[in-house]
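So the structure is just underneath, and the comments pick up after that.
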Amino acid sequence: MSMIDDLIEPLEEDTIRGSLDHCIKCTICETYCPFANATPLFPGPKYVGPQAERFRDGGDHSPDMSLDYCSGCGICTQVCPQGVKIAEINSKARAKLWDERGIPLRNKILARPTLGGRLATPFAGPVNWALGNRLVRGLIERVAGVHRKAPLPRFAGRTFQSWARHHPSPLTDKTVVYFHGCSTNYFEPRLGEMAVAVLEHNGFRVIVPRQDCCGLPLQSNGSFDAARKYVRRLAGALAPYARRGHPIVATSTSCSLMLKREAREILDVTDPEVEEVGRQTYDICEFLLDLHDRGELEVDFDPLPMAVPYHAPCQQRGHGMGKPALDLFGLIPELRIEEIDVDCCGIAGTYGLKKEKYDISMSVGDRLFKTIEKLEPEVAACDSETCRWQITHGSGVVSVHPIELLYRSYGL
Amino acid sequence: MTAAGPGRVYDALVVGVGTAGLVTALRLAKQGADVLVTAKGVGATHLTSGTVDVLGYTPERVVNPAAALPDFVRDHPEHPYARAGLQAVGDALDWIKLQLPDGALVGSLEANFLLPTAVGVPKPSALAPETMAPGDLRNGGRFTIVGLAGLKDFYPAYLADNLSRARLGQEDNGRVEARAVTISPPTGGVADVTPMGWARRFEDTEFRKTVIAELEPSLDGGAVGFPAVLGLDSARTVWQELNDALGVPVFEIPTLPPSVPGNRMARALRAALTRAGGRVVMGGRVIGVRGAGERLEEVVVDAAARPKTYRARDYVLATGGFASRGLEMDSYGMVREAAFDLPVTGMPPNAEARWADEYLAAHPAARVGIGVDDELRPLDSGHGVVYENVRVAGAALAGAEPWREKSGEGISLATGLRAAELILERRGG
């Protein structure tokens, strides 16, 4: 490489921020933004994104807090025909906004699920009771700003890690690494067990390394420095396996997206370790469908005679992999899937938990809840944990990860 | 037991999820084909006025598109209509009406409506939503144009004044008399409500009552034209209720984007595709293709962490023109097709004039796009077929000037449906 090449900086238009020059003001992002359509407090992705960004150059302050009403769902970036990285621009600007104004204690707590998980797991009984108590929740709302009705998960009282440590995975010639994420560890260890069983049924040895949060909740709450620390630590734990060529399979679509894309595009983390891990990371449905496309998936599925509504979460669509769960469901005899044509459930991670955003979040999800309710299903299916909790909260219908249906149909 | 398979091969891969892509995919999926749509961005259907314009000017105003089309394609042998064949135009109009909810499109290829635009210019359209049809100006009449305080880029006085001065043709009867009324229904303190915001408000019965109450005293028996914001998911109900309550014909006039009728169309097509079992993968650009001889073998699409490779027997490129970035032009006037890197035709050489001085004039470079044969397969500069299993549909095609001809939706529908039919014919479907 010549010295000239070394001196040339990347073209401005190739960077996230530079993409704003491609905005032709067509308003398609505003049309699709679930949150601008639900609240006048958010003037829309185009307005706070490519337009306002021009005024945020050179250390200028954001003129108001409207940017904080962006949920970070990423739909704007997906629908933009011109390739403007609207959601990414907004995430970065939001972090800067909170940097200037100071991150509220509430956001710091919500953004650290592992902290809560470690503290609460030994006392799950009383903690769950307290979080289900109206008086306590009222108090939490007043003191900490978490809405009294917001769908908080219940602590399982045990961790998936402790199960995995005592679970001998059969030694085979095919190995995968399971990235379970915080919610499986502290709230839904059963999902992790089912994922392991499904992978093992397909002939894999499943390794479950010790792992911590990916940093996504910190990122969406504006703590970029802390988020970088977390994602680097996680990548450090997973990198040795990635280097050996083992696929890293995840049940949380938002956390796996952090490894695949967001650490680099939003947090600007360019460490080779994070890159290596990202390249080897698969959403579990993506992974299983790839197996099927190669003719390597076990298809000894028993009939599941039931009708199940399916919602693909926003973060899942950020993978750019379509909706692999739908194709997997298609392999299960007698299972009737109703794909719900609604873009967002409204929760967006921790967004809908917040006192000032709960009503907006419920209004975004309203059409989804009503559609699911009307079908009166036994369960609904959705890939992301916070979306599942929101769907159950809004529709009263228990919602499960797609893996649970595969697990049932395999008869495991 | 495992399923055997050397990697999935779709029956068809459609690139682009605008009108042309959706129509192609919907037709194929309804015939039971295994079809995948991949797209970066949702296409320009949302920006359209919700009408189906087939042929409005040649450059004289077209009264009967069915009668005008044969001469038109004879004079424009490179036009997408000439490539797809006139049969395809009529078939596409009949077909699309059946795919959409009742009343979503009315009219025929035999007569253009003459419908007001947001600036009060009469525009010829073959099909229109039933909610717009009573705004037809061909027979003149009295019209009251309703403005909503706080709706930007919709000026009822300007619109009404232009309509009153509109020159109708000899075949039209009567005269247009239009006047303006602005109402201020409650917005909940929001200063700047978008068309989508108004549409959601109009879906609320209580809100409609306030609109009716405020409007009633100023009616004079003439038809009432609203900006096209009369509901998103339940436009028919909203429109019918306003008709009944006001006792005069009510119609919608398209706004600037965001276009509510364009959104209704996009949502209806997308929902129909989902019901038919078509799959859509959103998010990634096509970053590479692999061909073997005259066949396209693989399409590589950008995705998180690593690209996805898709294989299909047939491919349809429906990525649109410049507005959807299916075509890209650099500052030297070099035009590139963004997804498959197909040869582009119609750009005058550097030495010749490419642009006219007037913005709305006929620009020599305006018909740039992908040249195709009678089976909509892309051609190179020597008129050889580039890939025999690729069809091109919609605004990426060369030879048209949709904004002057008023032919955009007609081209997307006719070529989209034709591309699907050609694929089905070839596999004996």
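Letters A, B, ... go to the chains of the structure tokens in the order shown; residues in each chain start at 1; ligands are counted from 1 in the same order.
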
Could the residues of chain A that have an atom at most 8 Å from chain B be listed as a tab-separated table, each with its closest atom pair and the distance in Å to one decimal, counting only C-alpha atoms and ordered by chain and ascending residue number?
```
residue	atom	partner	partner_atom	distance
A:Cys26	CA	B:Pro257	CA	6.7
A:Thr27	CA	B:Pro258	CA	5.6
A:Ile28	CA	B:Pro258	CA	6.8
A:Glu30	CA	B:Pro258	CA	7.9
A:Thr31	CA	B:Pro258	CA	6.4
A:Asn37	CA	B:Gly197	CA	6.7
A:Pro40	CA	B:Val190	CA	6.7
A:Thr77	CA	B:Gly283	CA	7.9
A:Gln78	CA	B:Gly283	CA	4.9
A:Val79	CA	B:Gly41	CA	4.0
A:Cys80	CA	B:Gly41	CA	4.5
A:Pro81	CA	B:Gly41	CA	3.9
A:Gln82	CA	B:Arg325	CA	6.1
A:Gly83	CA	B:Lys40	CA	7.6
A:Leu257	CA	B:Ala304	CA	7.4
A:Lys260	CA	B:Ala305	CA	4.6
A:Arg261	CA	B:Ala304	CA	5.5
A:Gly278	CA	B:Ala305	CA	5.8
A:Arg279	CA	B:Ala305	CA	5.0
A:Gln280	CA	B:Ala305	CA	7.9
A:Thr281	CA	B:Ala305	CA	7.6
A:His292	CA	B:Ala3	CA	7.0
A:Asp293	CA	B:Gly7	CA	4.6
A:Arg294	CA	B:Gly7	CA	4.8
A:Gly295	CA	B:Ala4	CA	4.4
A:Glu296	CA	B:Thr2	CA	5.8
A:Leu297	CA	B:Thr2	CA	5.5
A:Glu298	CA	B:Thr2	CA	4.5
A:Val299	CA	B:Thr2	CA	5.5
A:Asp300	CA	B:Met1	CA	6.4
A:Arg317	CA	B:Met282	CA	7.0
A:Gly318	CA	B:Gly283	CA	7.0
A:His319	CA	B:Ala304	CA	4.9
A:Gly320	CA	B:Ala303	CA	4.7
A:Met321	CA	B:Val281	CA	6.2
A:Gly322	CA	B:Val281	CA	4.1
A:Lys323	CA	B:Val281	CA	7.3
A:Glu339	CA	B:Thr274	CA	7.7
A:Asp341	CA	B:Ala271	CA	7.1
```

Residue selection dump (N, CA, C and O atoms) as a short mmCIF file (atom, residue, chain, number, x, y, z; two decimals), in the first residue's frame:
```
data_model
loop_
_atom_site.label_atom_id
_atom_site.label_comp_id
_atom_site.auth_asym_id
_atom_site.auth_seq_id
_atom_site.Cartn_x
_atom_site.Cartn_y
_atom_site.Cartn_z
N CYS A 26 -38.23 11.88 1.35
CA CYS A 26 -39.40 11.22 0.76
C CYS A 26 -40.46 10.88 1.81
O CYS A 26 -41.56 10.51 1.47
N THR A 27 -40.09 10.95 3.10
CA THR A 27 -41.00 10.72 4.24
C THR A 27 -41.39 9.26 4.46
O THR A 27 -42.24 8.98 5.30
N ILE A 28 -40.77 8.35 3.73
CA ILE A 28 -41.14 6.94 3.94
C ILE A 28 -40.84 6.50 5.36
O ILE A 28 -41.61 5.78 5.99
N GLU A 30 -40.93 8.31 8.05
CA GLU A 30 -41.94 8.88 8.96
C GLU A 30 -43.23 8.09 8.85
O GLU A 30 -43.94 7.92 9.83
N THR A 31 -43.52 7.63 7.64
CA THR A 31 -44.72 6.83 7.43
C THR A 31 -44.66 5.54 8.23
O THR A 31 -45.65 5.09 8.77
N ASN A 37 -45.93 7.72 14.84
CA ASN A 37 -47.34 7.55 14.57
C ASN A 37 -48.17 7.43 15.83
O ASN A 37 -49.39 7.46 15.78
N PRO A 40 -47.15 12.62 19.51
CA PRO A 40 -46.64 13.88 18.95
C PRO A 40 -45.33 14.30 19.61
O PRO A 40 -44.66 15.21 19.13
N THR A 77 -34.29 2.80 9.19
CA THR A 77 -33.13 2.44 8.37
C THR A 77 -33.51 1.36 7.36
O THR A 77 -33.08 1.40 6.21
N GLN A 78 -34.34 0.42 7.81
CA GLN A 78 -34.72 -0.67 6.91
C GLN A 78 -35.56 -0.21 5.74
O GLN A 78 -35.43 -0.72 4.64
N VAL A 79 -36.47 0.72 5.99
CA VAL A 79 -37.41 1.09 4.92
C VAL A 79 -36.85 2.16 4.00
O VAL A 79 -37.38 2.38 2.91
N CYS A 80 -35.76 2.83 4.41
CA CYS A 80 -35.23 3.92 3.58
C CYS A 80 -34.68 3.38 2.27
O CYS A 80 -33.81 2.52 2.26
N PRO A 81 -35.20 3.89 1.14
CA PRO A 81 -34.71 3.38 -0.14
C PRO A 81 -33.33 3.92 -0.49
O PRO A 81 -32.67 3.39 -1.37
N GLN A 82 -32.91 4.98 0.18
CA GLN A 82 -31.66 5.64 -0.20
C GLN A 82 -30.47 5.20 0.64
O GLN A 82 -29.37 5.68 0.44
N GLY A 83 -30.68 4.34 1.62
CA GLY A 83 -29.57 3.86 2.43
C GLY A 83 -29.11 4.82 3.50
O GLY A 83 -27.96 4.74 3.95
N LEU A 257 -27.80 -9.36 17.52
CA LEU A 257 -27.59 -8.26 16.57
C LEU A 257 -26.50 -7.32 17.07
O LEU A 257 -25.76 -6.74 16.28
N LYS A 260 -23.43 -8.99 15.93
CA LYS A 260 -23.32 -9.04 14.48
C LYS A 260 -23.05 -7.66 13.87
O LYS A 260 -22.33 -7.54 12.89
N ARG A 261 -23.70 -6.65 14.40
CA ARG A 261 -23.70 -5.39 13.66
C ARG A 261 -23.58 -4.15 14.53
O ARG A 261 -22.84 -3.23 14.23
N GLY A 278 -18.64 -11.66 15.84
CA GLY A 278 -19.81 -11.27 15.06
C GLY A 278 -19.98 -12.14 13.83
O GLY A 278 -21.09 -12.58 13.52
N ARG A 279 -18.89 -12.40 13.14
CA ARG A 279 -18.98 -13.20 11.91
C ARG A 279 -19.46 -14.62 12.17
O ARG A 279 -20.03 -15.27 11.31
N GLN A 280 -19.21 -15.12 13.38
CA GLN A 280 -19.59 -16.51 13.71
C GLN A 280 -20.94 -16.59 14.42
O GLN A 280 -21.34 -17.66 14.84
N THR A 281 -21.60 -15.43 14.62
CA THR A 281 -22.84 -15.42 15.41
C THR A 281 -24.07 -15.65 14.54
O THR A 281 -24.19 -15.05 13.47
N HIS A 292 -31.21 -26.81 7.50
CA HIS A 292 -32.24 -27.44 6.68
C HIS A 292 -31.94 -27.25 5.19
O HIS A 292 -32.13 -28.16 4.39
N ASP A 293 -31.49 -26.04 4.84
CA ASP A 293 -31.18 -25.77 3.43
C ASP A 293 -30.06 -26.68 2.93
O ASP A 293 -29.97 -26.98 1.74
N ARG A 294 -29.20 -27.10 3.86
CA ARG A 294 -28.13 -28.03 3.46
C ARG A 294 -28.56 -29.48 3.60
O ARG A 294 -27.76 -30.39 3.41
N GLY A 295 -29.81 -29.68 4.02
CA GLY A 295 -30.30 -31.04 4.19
C GLY A 295 -29.81 -31.70 5.46
O GLY A 295 -29.80 -32.92 5.59
N GLU A 296 -29.41 -30.87 6.46
CA GLU A 296 -28.81 -31.44 7.67
C GLU A 296 -29.68 -31.30 8.91
O GLU A 296 -29.26 -31.65 10.01
N LEU A 297 -30.89 -30.77 8.72
CA LEU A 297 -31.76 -30.62 9.90
C LEU A 297 -32.61 -31.88 10.10
O LEU A 297 -33.16 -32.42 9.14
N GLU A 298 -32.68 -32.32 11.33
CA GLU A 298 -33.59 -33.43 11.63
C GLU A 298 -35.02 -32.94 11.40
O GLU A 298 -35.39 -31.87 11.87
N VAL A 299 -35.79 -33.72 10.67
CA VAL A 299 -37.17 -33.27 10.40
C VAL A 299 -38.19 -34.28 10.92
O VAL A 299 -39.27 -34.41 10.39
N ASP A 300 -37.81 -34.98 12.02
CA ASP A 300 -38.75 -35.94 12.61
C ASP A 300 -39.75 -35.21 13.51
O ASP A 300 -39.85 -35.47 14.69
N ARG A 317 -35.58 -8.25 12.46
CA ARG A 317 -35.51 -7.84 11.06
C ARG A 317 -34.22 -7.10 10.75
O ARG A 317 -33.79 -7.04 9.60
N GLY A 318 -33.58 -6.53 11.80
CA GLY A 318 -32.30 -5.86 11.61
C GLY A 318 -31.20 -6.81 11.14
O GLY A 318 -30.18 -6.38 10.63
N HIS A 319 -31.40 -8.10 11.31
CA HIS A 319 -30.40 -9.07 10.86
C HIS A 319 -30.35 -9.16 9.33
O HIS A 319 -29.39 -9.67 8.78
N GLY A 320 -31.43 -8.74 8.66
CA GLY A 320 -31.47 -8.88 7.21
C GLY A 320 -31.50 -10.34 6.77
O GLY A 320 -30.92 -10.70 5.75
N MET A 321 -32.17 -11.16 7.56
CA MET A 321 -32.19 -12.59 7.23
C MET A 321 -33.60 -13.08 6.98
O MET A 321 -33.85 -14.29 6.91
N GLY A 322 -34.55 -12.15 6.85
CA GLY A 322 -35.93 -12.56 6.65
C GLY A 322 -36.51 -13.08 7.96
O GLY A 322 -36.10 -12.66 9.04
N LYS A 323 -37.44 -14.00 7.86
CA LYS A 323 -38.09 -14.54 9.05
C LYS A 323 -37.94 -16.06 9.05
O LYS A 323 -38.86 -16.79 8.70
N GLU A 339 -49.04 -15.10 10.44
CA GLU A 339 -48.04 -14.04 10.56
C GLU A 339 -48.76 -12.71 10.75
O GLU A 339 -49.60 -12.32 9.95
N ASP A 341 -49.17 -8.88 10.62
CA ASP A 341 -48.61 -7.83 9.78
C ASP A 341 -48.50 -6.49 10.54
O ASP A 341 -49.01 -5.49 10.10
#
```

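Non-sequential neighbours of Leu368 in chain A (distance at most 10 Å, separation of 2 or more positions within a chain, only C-alpha atoms) are A:Pro309, A:His311, A:Ile340, A:Asp341, A:Val342, A:Asp343, A:Cys344, A:Cys345, A:Gly346, A:Met362, A:Ser363, A:Val364, A:Gly365, A:Asp366, A:Lys370, A:Thr371, A:Ile372, A:Glu373, A:Ile391, A:Gly394, A:Ser395.
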
Restricting the output to N, CA and C atoms, write the selected residues as a CSV table (one decimal), in the first residue's frame.
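The resulting file, part07.csv, is reproduced below:
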```csv
chain,number,residue,atom,x,y,z
A,309,PRO,N,-50.2,-17.4,16.3
A,309,PRO,CA,-49.8,-16.1,15.7
A,309,PRO,C,-48.3,-15.9,15.9
A,311,HIS,N,-45.1,-13.1,15.6
A,311,HIS,CA,-44.7,-11.7,15.4
A,311,HIS,C,-43.2,-11.7,15.3
A,340,ILE,N,-48.4,-12.0,11.8
A,340,ILE,CA,-49.1,-10.8,12.1
A,340,ILE,C,-48.4,-9.6,11.4
A,341,ASP,N,-49.2,-8.9,10.6
A,341,ASP,CA,-48.6,-7.8,9.8
A,341,ASP,C,-48.5,-6.5,10.5
A,342,VAL,N,-47.9,-6.5,11.7
A,342,VAL,CA,-47.7,-5.3,12.5
A,342,VAL,C,-46.2,-5.1,12.7
A,343,ASP,N,-45.7,-3.9,12.6
A,343,ASP,CA,-44.3,-3.8,12.6
A,343,ASP,C,-43.6,-3.9,14.0
A,344,CYS,N,-44.3,-3.4,15.0
A,344,CYS,CA,-43.6,-3.3,16.3
A,344,CYS,C,-44.6,-3.5,17.5
A,345,CYS,N,-44.1,-4.1,18.5
A,345,CYS,CA,-45.0,-4.4,19.7
A,345,CYS,C,-44.9,-3.2,20.7
A,346,GLY,N,-44.0,-2.3,20.5
A,346,GLY,CA,-43.9,-1.1,21.3
A,346,GLY,C,-42.9,-1.1,22.4
A,362,MET,N,-47.7,1.1,24.7
A,362,MET,CA,-48.9,0.3,24.6
A,362,MET,C,-49.7,0.7,23.4
A,363,SER,N,-49.7,2.0,23.1
A,363,SER,CA,-50.5,2.4,21.9
A,363,SER,C,-49.8,1.9,20.6
A,364,VAL,N,-48.5,1.8,20.6
A,364,VAL,CA,-47.8,1.3,19.4
A,364,VAL,C,-48.2,-0.2,19.2
A,365,GLY,N,-48.3,-0.9,20.3
A,365,GLY,CA,-48.6,-2.4,20.2
A,365,GLY,C,-50.0,-2.7,20.1
A,366,ASP,N,-50.9,-1.7,20.2
A,366,ASP,CA,-52.3,-2.0,20.3
A,366,ASP,C,-52.9,-2.9,19.3
A,370,LYS,N,-54.5,-6.6,19.8
A,370,LYS,CA,-55.9,-6.9,19.5
A,370,LYS,C,-56.0,-8.0,18.4
A,371,THR,N,-55.1,-8.0,17.5
A,371,THR,CA,-55.1,-9.1,16.5
A,371,THR,C,-54.8,-10.5,17.1
A,372,ILE,N,-53.9,-10.5,18.0
A,372,ILE,CA,-53.6,-11.8,18.7
A,372,ILE,C,-54.7,-12.2,19.6
A,373,GLU,N,-55.3,-11.3,20.3
A,373,GLU,CA,-56.4,-11.6,21.2
A,373,GLU,C,-57.5,-12.2,20.5
A,391,ILE,N,-46.1,-8.7,24.6
A,391,ILE,CA,-47.3,-9.3,24.0
A,391,ILE,C,-48.2,-10.0,25.0
A,394,GLY,N,-49.9,-7.2,26.9
A,394,GLY,CA,-50.9,-6.5,26.2
A,394,GLY,C,-52.1,-7.3,25.7
A,395,SER,N,-51.8,-8.6,25.4
A,395,SER,CA,-52.9,-9.4,24.8
A,395,SER,C,-53.4,-10.5,25.8
```

Backbone-only DSSP, alpha helix (DSSP H) members of range 185-332 of chain A, as JSON, numbers by chain
{"A": [185, 186, 189, 190, 191, 192, 193, 194, 195, 196, 197, 198, 199, 200, 201, 216, 217, 218, 219, 220, 224, 225, 226, 227, 228, 229, 230, 231, 232, 233, 234, 235, 236, 237, 238, 239, 240, 241, 242, 243, 253, 254, 255, 256, 257, 263, 264, 265, 272, 273, 274, 275, 276, 277, 278, 279, 284, 285, 286, 287, 288, 289, 290, 291, 292, 293, 314, 315, 316, 317, 324, 325, 326, 327, 328, 329]}

Polymer residues at most 9 Å from range 150-159 of chain B, only C-alpha atoms, same-chain spacing of 4 or more positions, as a list in words:
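Neighbouring residues, sequence-local ones excluded: Pro116, Thr117, Ala118, Val119, Gly120, Val121, Thr144, Ile145, Val146, Leu163, Ser164, Ala178, Arg179, Ala180, Val181, Thr182, Ser184, Thr187, Val190, Ala191, Asp192, Val193, Thr194, Pro195, Trp198, Pro227, Thr255 and Leu256 of chain B.
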
Just want the 7 Å neighbourhood of Ala25 in chain B, counted on only C-alpha atoms, with same-chain residues fewer than 2 positions away dropped. Output as a list in words.
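Residues near the query, excluding close chain neighbours: Val14, Gly21, Leu22, Val23, Arg27, Leu28, Ala29, Val35 and Gly278 of chain B.
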
As a PyMOL selection string, please: the residues near Pro104 in chain A (cut-off 12 Å, only C-alpha atoms, same-chain neighbours under 2 positions excluded).
chain A and resi 98-102+106-111+143-146+221-223+354

Which neighbours of range 238-243 of chain A fall inside 10 Å, counting only C-alpha atoms, when residues of the same chain fewer than 6 positions from it are skipped, and could you give them as a count of residues only?
21

Just list the residues in range 33-190 of chain B DSSP gives strand (DSSP E or B) on the backbone, as a ChimeraX atom specification.
/B:35-39,52,57,61,106-108,111,113-116,122-125,127-128,141-148,176-183

I'd like the contact shell of range 60-69 of chain A - 9 Å cut-off, only C-alpha atoms, skipping same-chain residues fewer than 3 positions apart - returned as a ChimeraX atom specification.
/A:35-36,39,41-45,48-49,52-53,55-57,72,90-91,93-94,96-98,100,351,357

Taking N, CA and C atoms for each residue, export the selection above as a PDB file, in the first residue's frame.
```pdb
ATOM      1  N   PHE A  35     -43.427   4.916  16.352  1.00  0.00           N
ATOM      2  CA  PHE A  35     -43.494   5.814  17.501  1.00  0.00           C
ATOM      3  C   PHE A  35     -43.952   7.215  17.100  1.00  0.00           C
ATOM      4  N   ALA A  36     -43.479   7.704  15.946  1.00  0.00           N
ATOM      5  CA  ALA A  36     -43.971   9.007  15.475  1.00  0.00           C
ATOM      6  C   ALA A  36     -45.469   8.915  15.216  1.00  0.00           C
ATOM      7  N   THR A  39     -47.169   9.102  18.995  1.00  0.00           N
ATOM      8  CA  THR A  39     -47.043  10.235  19.918  1.00  0.00           C
ATOM      9  C   THR A  39     -46.538  11.491  19.211  1.00  0.00           C
ATOM     10  N   LEU A  41     -44.938  13.613  20.700  1.00  0.00           N
ATOM     11  CA  LEU A  41     -43.685  13.965  21.372  1.00  0.00           C
ATOM     12  C   LEU A  41     -42.474  13.564  20.534  1.00  0.00           C
ATOM     13  N   PHE A  42     -42.690  12.600  19.605  1.00  0.00           N
ATOM     14  CA  PHE A  42     -41.588  12.226  18.703  1.00  0.00           C
ATOM     15  C   PHE A  42     -41.918  12.713  17.300  1.00  0.00           C
ATOM     16  N   PRO A  43     -41.202  13.718  16.831  1.00  0.00           N
ATOM     17  CA  PRO A  43     -41.562  14.299  15.534  1.00  0.00           C
ATOM     18  C   PRO A  43     -41.144  13.461  14.331  1.00  0.00           C
ATOM     19  N   GLY A  44     -40.526  12.326  14.550  1.00  0.00           N
ATOM     20  CA  GLY A  44     -40.252  11.426  13.430  1.00  0.00           C
ATOM     21  C   GLY A  44     -38.787  11.282  13.117  1.00  0.00           C
ATOM     22  N   PRO A  45     -38.418  10.137  12.523  1.00  0.00           N
ATOM     23  CA  PRO A  45     -37.011   9.819  12.273  1.00  0.00           C
ATOM     24  C   PRO A  45     -36.311  10.792  11.322  1.00  0.00           C
ATOM     25  N   VAL A  48     -35.723  14.249  13.459  1.00  0.00           N
ATOM     26  CA  VAL A  48     -34.672  14.232  14.483  1.00  0.00           C
ATOM     27  C   VAL A  48     -33.392  13.598  13.951  1.00  0.00           C
ATOM     28  N   GLY A  49     -33.483  12.933  12.799  1.00  0.00           N
ATOM     29  CA  GLY A  49     -32.323  12.253  12.240  1.00  0.00           C
ATOM     30  C   GLY A  49     -31.592  13.098  11.218  1.00  0.00           C
ATOM     31  N   ALA A  52     -32.113  17.117  11.778  1.00  0.00           N
ATOM     32  CA  ALA A  52     -31.551  17.750  12.978  1.00  0.00           C
ATOM     33  C   ALA A  52     -30.048  17.492  13.091  1.00  0.00           C
ATOM     34  N   GLU A  53     -29.584  16.386  12.497  1.00  0.00           N
ATOM     35  CA  GLU A  53     -28.166  16.045  12.612  1.00  0.00           C
ATOM     36  C   GLU A  53     -27.270  17.163  12.057  1.00  0.00           C
ATOM     37  N   PHE A  55     -27.621  20.167  12.467  1.00  0.00           N
ATOM     38  CA  PHE A  55     -27.448  21.206  13.484  1.00  0.00           C
ATOM     39  C   PHE A  55     -26.684  20.692  14.698  1.00  0.00           C
ATOM     40  N   ARG A  56     -26.357  19.406  14.678  1.00  0.00           N
ATOM     41  CA  ARG A  56     -25.650  18.844  15.825  1.00  0.00           C
ATOM     42  C   ARG A  56     -24.150  18.737  15.556  1.00  0.00           C
ATOM     43  N   ASP A  57     -23.726  19.288  14.462  1.00  0.00           N
ATOM     44  CA  ASP A  57     -22.316  19.222  14.094  1.00  0.00           C
ATOM     45  C   ASP A  57     -21.513  20.085  15.066  1.00  0.00           C
ATOM     46  N   GLY A  72     -35.321   3.364  18.938  1.00  0.00           N
ATOM     47  CA  GLY A  72     -34.186   2.612  18.400  1.00  0.00           C
ATOM     48  C   GLY A  72     -34.589   1.311  17.725  1.00  0.00           C
ATOM     49  N   ASN A  90     -29.520   8.428  14.901  1.00  0.00           N
ATOM     50  CA  ASN A  90     -30.299   8.819  16.069  1.00  0.00           C
ATOM     51  C   ASN A  90     -29.768   8.195  17.360  1.00  0.00           C
ATOM     52  N   SER A  91     -29.325   6.943  17.282  1.00  0.00           N
ATOM     53  CA  SER A  91     -28.770   6.295  18.478  1.00  0.00           C
ATOM     54  C   SER A  91     -27.553   7.053  18.982  1.00  0.00           C
ATOM     55  N   ALA A  93     -26.750  10.164  18.385  1.00  0.00           N
ATOM     56  CA  ALA A  93     -27.103  11.494  18.870  1.00  0.00           C
ATOM     57  C   ALA A  93     -27.763  11.404  20.248  1.00  0.00           C
ATOM     58  N   ARG A  94     -28.518  10.316  20.454  1.00  0.00           N
ATOM     59  CA  ARG A  94     -29.183  10.163  21.754  1.00  0.00           C
ATOM     60  C   ARG A  94     -28.148   9.945  22.858  1.00  0.00           C
ATOM     61  N   LYS A  96     -25.206  11.106  22.878  1.00  0.00           N
ATOM     62  CA  LYS A  96     -24.560  12.396  23.121  1.00  0.00           C
ATOM     63  C   LYS A  96     -25.468  13.282  23.978  1.00  0.00           C
ATOM     64  N   LEU A  97     -26.746  13.185  23.677  1.00  0.00           N
ATOM     65  CA  LEU A  97     -27.726  13.960  24.439  1.00  0.00           C
ATOM     66  C   LEU A  97     -27.651  13.605  25.920  1.00  0.00           C
ATOM     67  N   TRP A  98     -27.624  12.307  26.212  1.00  0.00           N
ATOM     68  CA  TRP A  98     -27.572  11.878  27.604  1.00  0.00           C
ATOM     69  C   TRP A  98     -26.217  12.159  28.226  1.00  0.00           C
ATOM     70  N   GLU A 100     -24.531  14.769  27.703  1.00  0.00           N
ATOM     71  CA  GLU A 100     -24.562  16.181  28.100  1.00  0.00           C
ATOM     72  C   GLU A 100     -25.443  16.403  29.323  1.00  0.00           C
ATOM     73  N   TYR A 351     -37.615   0.679  26.603  1.00  0.00           N
ATOM     74  CA  TYR A 351     -38.353   1.914  26.295  1.00  0.00           C
ATOM     75  C   TYR A 351     -39.719   1.932  26.984  1.00  0.00           C
ATOM     76  N   LYS A 357     -43.092   6.748  28.967  1.00  0.00           N
ATOM     77  CA  LYS A 357     -43.209   6.142  27.631  1.00  0.00           C
ATOM     78  C   LYS A 357     -44.139   4.938  27.584  1.00  0.00           C
TER      79      LYS A 357
END
```
